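Structure file data_17.txt with compact mmCIF, C-alpha atoms:
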```
# COMPACT_ATOMS: atom_id res chain seq x y z
CA MET D 1 17.36 -11.32 -23.72
CA ALA D 2 18.59 -10.35 -20.28
CA ASP D 3 16.68 -11.68 -17.30
CA LEU D 4 15.27 -8.58 -15.57
CA THR D 5 13.58 -10.39 -12.69
CA LEU D 6 14.20 -8.41 -9.48
CA ALA D 7 14.65 -10.38 -6.30
CA PRO D 8 13.08 -8.86 -3.17
CA VAL D 9 15.70 -7.12 -1.03
CA SER D 10 15.38 -6.07 2.59
CA PRO D 11 15.53 -2.28 3.12
CA LEU D 12 17.99 -3.14 5.88
CA ALA D 13 20.34 -5.16 3.67
CA ARG D 14 23.16 -2.67 4.25
CA ALA D 15 22.34 -1.47 7.78
CA LEU D 16 21.82 -4.86 9.40
CA THR D 17 25.06 -6.69 8.66
CA PRO D 18 25.53 -9.54 11.18
CA GLY D 19 27.84 -8.87 14.10
CA ASP D 20 28.24 -7.21 17.50
CA VAL D 21 28.66 -3.46 17.76
CA GLY D 22 29.26 -1.02 20.62
CA ALA D 23 29.90 -1.65 24.31
CA VAL D 24 29.03 -5.33 24.41
CA GLY D 25 29.80 -6.54 27.95
CA PRO D 26 30.64 -10.05 29.23
CA GLY D 27 26.91 -10.70 29.63
CA GLY D 28 26.36 -10.25 25.90
CA PRO D 29 24.70 -7.44 23.96
CA GLY D 30 22.03 -5.32 25.63
CA VAL D 31 19.94 -5.20 22.45
CA VAL D 32 19.43 -7.57 19.52
CA PHE D 33 17.96 -6.45 16.18
CA ARG D 34 16.41 -8.98 13.86
CA ASP D 35 15.03 -8.54 10.34
CA ARG D 36 11.59 -10.20 10.16
CA ARG D 37 11.17 -10.36 6.40
CA ASP D 38 9.61 -13.79 6.94
CA LEU D 39 6.37 -12.16 8.14
CA SER D 40 3.36 -11.41 5.97
CA LEU D 41 1.47 -8.28 7.01
CA VAL D 42 -2.11 -7.48 6.01
CA THR D 43 -3.99 -4.41 7.22
CA ILE D 44 -7.66 -4.84 8.07
CA GLN D 45 -9.64 -1.62 7.96
CA VAL D 46 -13.33 -1.82 8.76
CA ARG D 47 -16.04 0.82 8.42
CA PRO D 48 -17.36 1.70 11.89
CA ASP D 49 -20.91 0.62 11.01
CA LYS D 50 -19.70 -2.76 9.63
CA GLN D 51 -17.54 -3.80 12.56
CA ALA D 52 -20.03 -6.05 14.34
CA ALA D 53 -20.57 -8.09 11.16
CA ALA D 54 -16.86 -8.19 10.32
CA ARG D 55 -16.03 -9.31 13.83
CA GLN D 56 -18.56 -12.11 13.58
CA ALA D 57 -17.27 -13.25 10.18
CA LEU D 58 -13.66 -13.32 11.36
CA GLU D 59 -14.54 -15.05 14.63
CA GLY D 60 -16.19 -17.80 12.60
CA ALA D 61 -12.80 -18.39 11.00
CA GLY D 62 -10.99 -18.31 14.34
CA PHE D 63 -9.67 -14.73 14.22
CA ALA D 64 -10.46 -11.84 16.55
CA LEU D 65 -10.34 -8.07 16.14
CA PRO D 66 -8.83 -7.14 19.51
CA PRO D 67 -9.75 -3.98 21.46
CA VAL D 68 -7.65 -0.80 21.33
CA GLY D 69 -4.01 -1.41 22.24
CA GLN D 70 -4.19 -5.20 22.29
CA ALA D 71 -3.09 -8.19 20.24
CA ALA D 72 -4.94 -11.48 19.69
CA ARG D 73 -3.08 -14.64 18.72
CA SER D 74 -4.69 -17.53 16.90
CA GLY D 75 -2.22 -20.23 15.93
CA GLU D 76 0.37 -18.72 13.62
CA VAL D 77 -1.79 -15.67 12.88
CA SER D 78 -1.78 -12.67 15.17
CA VAL D 79 -4.08 -9.70 14.76
CA ILE D 80 -2.94 -6.53 16.46
CA TRP D 81 -4.74 -3.23 16.93
CA SER D 82 -2.89 -0.49 15.06
CA ALA D 83 -5.14 2.55 14.62
CA LEU D 84 -8.73 3.72 14.79
CA ASP D 85 -10.85 1.08 12.98
CA ARG D 86 -7.66 -0.62 11.77
CA TRP D 87 -5.81 -3.79 12.64
CA ILE D 88 -2.78 -5.59 11.22
CA ALA D 89 -2.72 -9.37 10.72
CA ILE D 90 0.72 -10.93 10.95
CA ALA D 91 1.79 -14.47 10.07
CA PRO D 92 5.02 -16.21 9.00
CA TRP D 93 3.37 -17.32 5.77
CA ALA D 94 4.17 -17.17 2.07
CA PRO D 95 3.20 -13.97 0.21
CA GLY D 96 -0.52 -13.80 -0.57
CA GLU D 97 -1.55 -16.64 1.71
CA LEU D 98 -2.55 -14.46 4.66
CA HIS D 99 -4.61 -12.14 2.46
CA ARG D 100 -6.50 -15.11 0.94
CA THR D 101 -7.09 -16.63 4.39
CA LEU D 102 -8.55 -13.38 5.73
CA ALA D 103 -10.67 -12.75 2.62
CA ASP D 104 -12.29 -16.21 2.85
CA PRO D 105 -14.65 -15.36 5.75
CA PHE D 106 -15.99 -12.47 3.62
CA GLY D 107 -16.84 -14.72 0.69
CA GLY D 108 -13.65 -13.58 -1.04
CA ASP D 109 -15.07 -10.05 -1.47
CA PRO D 110 -14.33 -8.09 1.73
CA ARG D 111 -15.02 -4.72 0.04
CA ALA D 112 -18.67 -5.61 -0.32
CA ARG D 113 -18.79 -5.98 3.48
CA GLY D 114 -17.13 -2.64 4.24
CA VAL D 115 -13.76 -4.28 4.93
CA ALA D 116 -10.48 -3.31 3.27
CA LEU D 117 -7.76 -5.96 3.35
CA VAL D 118 -4.44 -4.72 2.02
CA ASP D 119 -1.29 -6.80 1.82
CA GLN D 120 1.37 -4.53 3.31
CA SER D 121 4.16 -7.10 3.45
CA SER D 122 6.21 -4.89 1.13
CA GLY D 123 4.95 -1.54 2.44
CA LEU D 124 5.53 -2.07 6.14
CA PHE D 125 8.72 -3.43 7.58
CA ALA D 126 8.86 -5.62 10.67
CA LEU D 127 11.92 -5.18 12.86
CA GLN D 128 12.26 -7.34 15.95
CA VAL D 129 14.06 -5.66 18.82
CA GLY D 130 14.92 -7.59 21.97
CA GLY D 131 17.30 -7.84 24.88
CA PRO D 132 17.67 -6.80 28.51
CA LYS D 133 18.09 -3.12 27.58
CA LEU D 134 15.01 -3.03 25.33
CA ASP D 135 12.93 -0.66 27.46
CA ALA D 136 15.86 1.69 28.12
CA LEU D 137 16.43 1.86 24.38
CA LEU D 138 12.78 2.47 23.44
CA ALA D 139 12.48 5.15 26.13
CA LYS D 140 15.01 7.22 24.20
CA GLY D 141 12.77 7.43 21.19
CA THR D 142 9.13 6.99 22.07
CA PRO D 143 6.83 8.88 24.48
CA VAL D 144 4.55 5.92 25.32
CA ASP D 145 4.43 4.49 28.84
CA LEU D 146 6.53 1.35 28.41
CA HIS D 147 5.40 -0.07 31.77
CA ALA D 148 1.85 -0.11 30.45
CA LEU D 149 3.02 -1.74 27.22
CA GLU D 150 2.87 -5.26 28.57
CA THR D 151 3.16 -8.47 26.57
CA ASP D 152 0.55 -8.57 23.78
CA ARG D 153 -0.16 -4.88 24.14
CA THR D 154 0.32 -2.62 21.13
CA ALA D 155 0.81 1.13 20.70
CA ALA D 156 0.65 3.43 17.72
CA THR D 157 3.28 6.04 18.37
CA GLY D 158 6.44 7.58 16.96
CA ILE D 159 10.15 6.86 17.23
CA ASP D 160 12.53 9.57 16.10
CA HIS D 161 9.53 11.36 14.53
CA GLN D 162 8.59 8.33 12.39
CA PRO D 163 5.14 6.81 12.94
CA VAL D 164 5.56 3.23 14.16
CA THR D 165 3.43 0.47 15.64
CA LEU D 166 4.88 -1.35 18.63
CA TRP D 167 3.76 -4.81 19.70
CA ARG D 168 5.40 -6.39 22.72
CA ILE D 169 5.55 -10.07 21.81
CA ALA D 170 7.47 -11.13 24.94
CA PRO D 171 8.62 -9.32 28.11
CA GLN D 172 11.93 -8.37 26.50
CA THR D 173 10.98 -8.36 22.82
CA VAL D 174 8.96 -6.02 20.63
CA LEU D 175 7.99 -6.18 17.00
CA LEU D 176 8.30 -2.71 15.51
CA LEU D 177 6.35 -1.97 12.32
CA VAL D 178 7.48 1.01 10.29
CA GLY D 179 6.94 2.18 6.72
CA ARG D 180 9.50 0.46 4.48
CA ALA D 181 10.99 3.75 3.26
CA PHE D 182 11.71 4.74 6.88
CA ALA D 183 13.02 1.35 8.02
CA GLN D 184 16.71 2.07 7.58
CA ASP D 185 16.42 5.50 9.19
CA THR D 186 14.57 4.09 12.20
CA LEU D 187 17.03 1.22 12.56
CA GLU D 188 20.04 3.53 12.39
CA PHE D 189 18.51 5.76 15.06
CA LEU D 190 17.96 2.75 17.32
CA GLN D 191 21.45 1.40 16.61
CA GLU D 192 23.06 4.68 17.55
CA MET D 193 20.99 4.85 20.75
CA ALA D 194 21.97 1.22 21.54
CA LEU D 195 25.74 1.76 21.24
CA GLU D 196 26.11 2.23 25.00
CA TYR D 197 24.44 -1.13 25.69
CA GLY D 198 26.17 -2.97 22.87
CA TYR D 199 23.94 -4.47 20.19
CA ARG D 200 23.87 -7.51 17.96
CA ASN D 201 22.55 -7.57 14.41
CA GLY D 202 21.04 -11.02 14.29
CA MET B 203 1.62 20.05 26.29
CA ARG B 204 -0.15 16.72 26.62
CA ILE B 205 -3.27 16.01 24.59
CA PRO B 206 -5.72 13.32 25.67
CA CYS B 207 -6.42 11.22 22.56
CA PRO B 208 -9.83 9.56 23.02
CA VAL B 209 -8.34 6.39 21.49
CA CYS B 210 -4.74 6.19 22.75
CA GLY B 211 -4.85 8.17 25.99
CA ALA B 212 -2.64 11.13 26.92
CA ARG B 213 0.22 11.72 24.49
CA PRO B 214 2.66 14.60 23.95
CA SER B 215 1.62 17.26 21.45
CA GLU B 216 4.53 16.31 19.11
CA GLU B 217 2.47 13.27 18.07
CA PHE B 218 -0.34 15.53 16.81
CA THR B 219 -0.87 17.82 13.84
CA TYR B 220 -2.87 21.00 14.36
CA ARG B 221 -5.60 21.95 11.90
CA GLY B 222 -7.31 24.88 13.58
CA ASP B 223 -10.62 26.15 14.91
CA ALA B 224 -13.21 23.36 14.84
CA ARG B 225 -16.23 25.63 14.78
CA PRO B 226 -16.50 27.08 11.24
CA VAL B 227 -19.08 25.13 9.26
CA ARG B 228 -18.62 24.76 5.51
CA PRO B 229 -21.31 26.44 3.44
CA PRO B 230 -23.45 24.08 1.32
CA MET B 231 -21.42 22.92 -1.68
CA ASP B 232 -23.93 24.47 -4.10
CA SER B 233 -23.84 27.83 -2.34
CA SER B 234 -22.62 30.79 -4.38
CA ASP B 235 -22.59 33.15 -1.40
CA GLN B 236 -19.05 34.56 -1.81
CA GLY B 237 -19.12 36.21 1.64
CA ALA B 238 -19.94 32.95 3.39
CA TRP B 239 -17.12 31.12 1.55
CA VAL B 240 -14.57 33.84 2.29
CA ASP B 241 -15.55 33.74 5.97
CA TYR B 242 -15.26 29.96 6.06
CA LEU B 243 -11.94 29.74 4.22
CA PHE B 244 -9.97 32.71 5.50
CA PHE B 245 -11.31 34.30 8.69
CA ARG B 246 -10.72 33.02 12.20
CA ASP B 247 -11.40 34.83 15.48
CA ASP B 248 -8.07 34.10 17.26
CA GLU B 249 -9.81 34.09 20.61
CA ARG B 250 -8.23 34.19 24.02
CA GLY B 251 -9.68 31.47 26.22
CA ARG B 252 -11.32 28.09 25.72
CA ILE B 253 -12.01 27.07 22.14
CA LYS B 254 -12.65 23.85 20.23
CA GLU B 255 -9.84 22.89 17.86
CA GLN B 256 -9.25 20.09 15.39
CA TRP B 257 -6.11 18.03 15.76
CA GLN B 258 -5.02 14.80 14.11
CA HIS B 259 -3.10 12.11 15.96
CA THR B 260 -0.71 11.71 13.01
CA GLY B 261 2.04 10.15 15.10
CA GLY B 262 -0.34 7.62 16.60
CA CYS B 263 -3.78 6.28 15.75
CA ARG B 264 -4.37 8.80 12.90
CA ALA B 265 -7.75 9.79 14.36
CA TRP B 266 -9.12 13.30 13.89
CA ILE B 267 -10.12 14.70 17.25
CA VAL B 268 -11.74 17.85 18.64
CA VAL B 269 -9.80 19.27 21.57
CA ASP B 270 -11.22 21.73 24.10
CA ARG B 271 -8.17 23.91 24.81
CA ASP B 272 -7.50 27.24 26.49
CA THR B 273 -5.40 29.37 24.13
CA ALA B 274 -4.16 31.55 26.99
CA THR B 275 -2.98 28.84 29.39
CA HIS B 276 -2.66 25.80 27.06
CA ALA B 277 -4.78 23.88 29.57
CA VAL B 278 -6.62 21.05 27.80
CA HIS B 279 -10.12 20.41 29.14
CA GLY B 280 -11.04 17.37 27.10
CA SER B 281 -11.30 15.82 23.68
CA GLU B 282 -13.54 13.65 21.57
CA LEU B 283 -13.39 11.93 18.19
CA ALA B 284 -14.22 14.41 15.42
CA ARG B 285 -16.77 12.01 13.98
CA ASP B 286 -18.58 11.86 17.34
CA ALA B 287 -18.45 15.66 17.60
CA ALA B 288 -19.82 15.95 14.06
CA GLU B 289 -22.68 13.60 14.89
CA GLY B 290 -23.43 15.71 17.95
CA GLY B 291 -23.52 18.81 15.74
CA GLN B 292 -20.68 20.52 17.61
CA ALA B 293 -17.87 20.46 15.06
```
Could you render the structure from this file as structure tokens?
Amino acid sequence: MADLTLAPVSPLARALTPGDVGAVGPGGPGVVFRDRRDLSLVTIQVRPDKQAAARQALEGAGFALPPVGQAARSGEVSVIWSALDRWIAIAPWAPGELHRTLADPFGGDPRARGVALVDQSSGLFALQVGGPKLDALLAKGTPVDLHALETDRTAATGIDHQPVTLWRIAPQTVLLLVGRAFAQDTLEFLQEMALEYGYRNG
Amino acid sequence: MRIPCPVCGARPSEEFTYRGDARPVRPPMDSSDQGAWVDYLFFRDDERGRIKEQWQHTGGCRAWIVVDRDTATHAVHGSELARDAAEGGQA
């Protein structure tokens, strides 16, 4: 019988072929795109009336639920604000591990405490965008104030009409979270906008 | 037009989806008053001036908000979360 096991494939397998494209100058590319399939993503949605208890439970395990527009790092796990009453936990861990780690402080049954933990590692796609021309590139597609989006600040906004979450992980690097089905479209928009700076698919 | 999201701050209107007048109140679910249901579902006043409207920040934090907007000038006078407005009995 044929083996029908399907290996996971990045939605960017065709759009993110390694190499330099566009007007790359002597100083190197202005923008670098990187596929972050290595990250596990778990959304944490908490009922408004259960947030104090959820916060306390997570803090006991060393995690924080940061205020609006901020990110909190704790070792390899980062929790970023992403929407009203919703956060996204991100870690370079094996599938399932992050979800189990976050469910532990709720006795393994977060639903009973008004908390929904959903593994979105396959539903959301993490694209890392960096380089000296990062802000010039983002300004072409998003209306948020990029000066206010400092390191470890997050914003829920849109790029090219697609809802995205931006998290600035370093002064010249952002992690862009977008629905998997829109990942290629969003990347191709950014690539086209980055042609004038020259970009590298890394 | 810029809309002040109570969560995210001022954002352009393209990030929002418009629902409509925030004032009509749904009749009780067990009501069989056809007139009240028709009013609630189909009739809006289309007023000139300041009204309360429901918008959703679909291109951002996804929150439903109530916006105090002037339909003649597009001036926005404020906003609040729809759930807060509902608790205050305004929406």
Counting only C-alpha atoms, figure out which residue out of D:Val144, D:Leu39, D:Leu58, D:Ala112 gets nearest to Ala212 in chain B.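 Ranking D:Val144, D:Leu39, D:Leu58, D:Ala112 by distance to Ala212 in chain B, first place goes to D:Val144.
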Can I get the residues of chain D within 12 Å of chain B, each with the closest pair of atoms and their distance in Å to one decimal, using all atoms listed in the file, sorted chain first then ascending number, as a Markdown table?
```
| residue | atom | partner | partner_atom | distance |
| --- | --- | --- | --- | --- |
| D:Pro48 | CA | B:Arg285 | CA | 10.5 |
| D:Pro67 | CA | B:Val209 | CA | 10.5 |
| D:Val68 | CA | B:Val209 | CA | 7.2 |
| D:Gly69 | CA | B:Cys210 | CA | 7.7 |
| D:Gln70 | CA | B:Cys210 | CA | 11.4 |
| D:Trp81 | CA | B:Cys263 | CA | 9.6 |
| D:Ser82 | CA | B:Cys263 | CA | 6.9 |
| D:Ala83 | CA | B:Cys263 | CA | 4.1 |
| D:Leu84 | CA | B:Cys263 | CA | 5.7 |
| D:Asp85 | CA | B:Cys263 | CA | 9.2 |
| D:Arg86 | CA | B:Cys263 | CA | 8.9 |
| D:Trp87 | CA | B:Cys263 | CA | 10.7 |
| D:Thr142 | CA | B:Glu217 | CA | 10.0 |
| D:Pro143 | CA | B:Pro214 | CA | 7.1 |
| D:Val144 | CA | B:Arg213 | CA | 7.3 |
| D:Asp145 | CA | B:Arg213 | CA | 9.4 |
| D:Ala148 | CA | B:Gly211 | CA | 11.5 |
| D:Leu149 | CA | B:Cys210 | CA | 12.0 |
| D:Thr154 | CA | B:Cys210 | CA | 10.3 |
| D:Ala155 | CA | B:Gly262 | CA | 7.8 |
| D:Ala156 | CA | B:Gly262 | CA | 4.4 |
| D:Thr157 | CA | B:Gly262 | CA | 4.3 |
| D:Gly158 | CA | B:Gly261 | CA | 5.4 |
| D:Ile159 | CA | B:Gly261 | CA | 9.0 |
| D:Asp160 | CA | B:Gly261 | CA | 10.6 |
| D:His161 | CA | B:Gly261 | CA | 7.6 |
| D:Gln162 | CA | B:Gly261 | CA | 7.3 |
| D:Pro163 | CA | B:Gly261 | CA | 5.0 |
| D:Val164 | CA | B:Gly262 | CA | 7.7 |
| D:Thr165 | CA | B:Gly262 | CA | 8.1 |
| D:Leu166 | CA | B:Gly262 | CA | 10.6 |
| D:Val178 | CA | B:Gly261 | CA | 11.7 |
```
Find the residue from D:Glu97, D:Leu117, D:Arg34, D:Gly60 that sits nearest to Thr17 in chain D; use all atoms listed in the file when measuring.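 The closest residue to Thr17 in chain D is D:Arg34.
Nearest residue to Trp239 in chain B among B:Gly251, B:Ala274, B:Thr219, B:Val227 is B:Val227, counting only C-alpha atoms.
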Report, in Å to a single decimal, how far apart CA of Gly131 in chain D and CA of Val31 in chain D are.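 It comes out at 4.5 Å.
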Shell around Thr151 in chain D at 12 Å using only C-alpha atoms, local window under 5 positions removed, as an NGL selection string: :D and (69-73 or 80 or 146 or 166-175)
State, in Å with one decimal place, the distance from CA of Ala91 in chain D to CA of Phe125 in chain D. 13.3 Å
Which neighbours of Trp257 in chain B fall inside 10 Å, counting all atoms listed in the file, when residues of the same chain fewer than 5 positions from it are skipped, and could you give them as a list in words?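 Once the adjacent positions are removed, what remains is Ile205, Cys207, Ser215, Phe218, Thr219, Tyr220, Arg221, Gly222, Asp223, Ala224, Arg264, Ala265, Trp266, Ile267, Val268, Val269, Ser281, Leu283 and Ala284 of chain B.
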Between CA of Ala94 in chain D and CA of Ala61 in chain D, what is the distance, to one decimal in Å?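 According to the coordinates, CA of Ala94 in chain D and CA of Ala61 in chain D are separated by 19.2 Å.
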Adding 4 Å on each side of the box along x, y and z that holds all listed atoms of range 274-293 of chain B, could you give its centre and edge lengths in Å to one decimal, as lines of an AutoDock Vina configuration file?
```
center_x = -13.1
center_y = 21.7
center_z = 21.8
size_x = 28.9
size_y = 27.7
size_z = 23.6
```
Within 7 Å of Arg180 in chain D, counting all atoms listed in the file, which residues show up once you throw out same-chain ones fewer than 3 positions away? Write them as a list in words, please. Pro11, Gly123, Leu124, Phe125 and Ala183 of chain D
Excluding Ile90 in chain D and its own-chain neighbours fewer than 5 positions away, which residues fall within 8 Å of it when counting all atoms listed in the file? Please give them as a list in words. Leu39, Ser40, Leu41, Val42, Val77, Ser78, Val79, Ile80 and Leu98 of chain D
Please produce an output containing C-alpha atoms for each residue in the selection, written as a PDB file, in the frame of the given file.
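Everything below was put into result_6.pdb:
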```pdb
ATOM      1  CA  LEU D  39       6.370 -12.160   8.140  1.00  0.00           C
ATOM      2  CA  SER D  40       3.360 -11.410   5.970  1.00  0.00           C
ATOM      3  CA  LEU D  41       1.470  -8.280   7.010  1.00  0.00           C
ATOM      4  CA  VAL D  42      -2.110  -7.480   6.010  1.00  0.00           C
ATOM      5  CA  VAL D  77      -1.790 -15.670  12.880  1.00  0.00           C
ATOM      6  CA  SER D  78      -1.780 -12.670  15.170  1.00  0.00           C
ATOM      7  CA  VAL D  79      -4.080  -9.700  14.760  1.00  0.00           C
ATOM      8  CA  ILE D  80      -2.940  -6.530  16.460  1.00  0.00           C
ATOM      9  CA  LEU D  98      -2.550 -14.460   4.660  1.00  0.00           C
TER      10      LEU D  98
END
```
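Distances to Arg111 in chain D were evaluated for D:Asp35, D:Glu59, D:Ala54, D:Gly179 using only C-alpha atoms, and the minimum falls at D:Ala54.
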Point (17.7, -2.0, 15.4), cut-off 10 Å, counting only C-alpha atoms, residues as a PyMOL selection string: chain D and resi 12+15-16+31-35+127-130+137+176+183-194+199-202
Of the candidates D:Ser10, D:Ala181, D:Thr43, D:Ala126, which one gets nearest to Leu65 in chain D if we count all atoms listed in the file?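 Of all the options, D:Thr43 lies closest to Leu65 in chain D.
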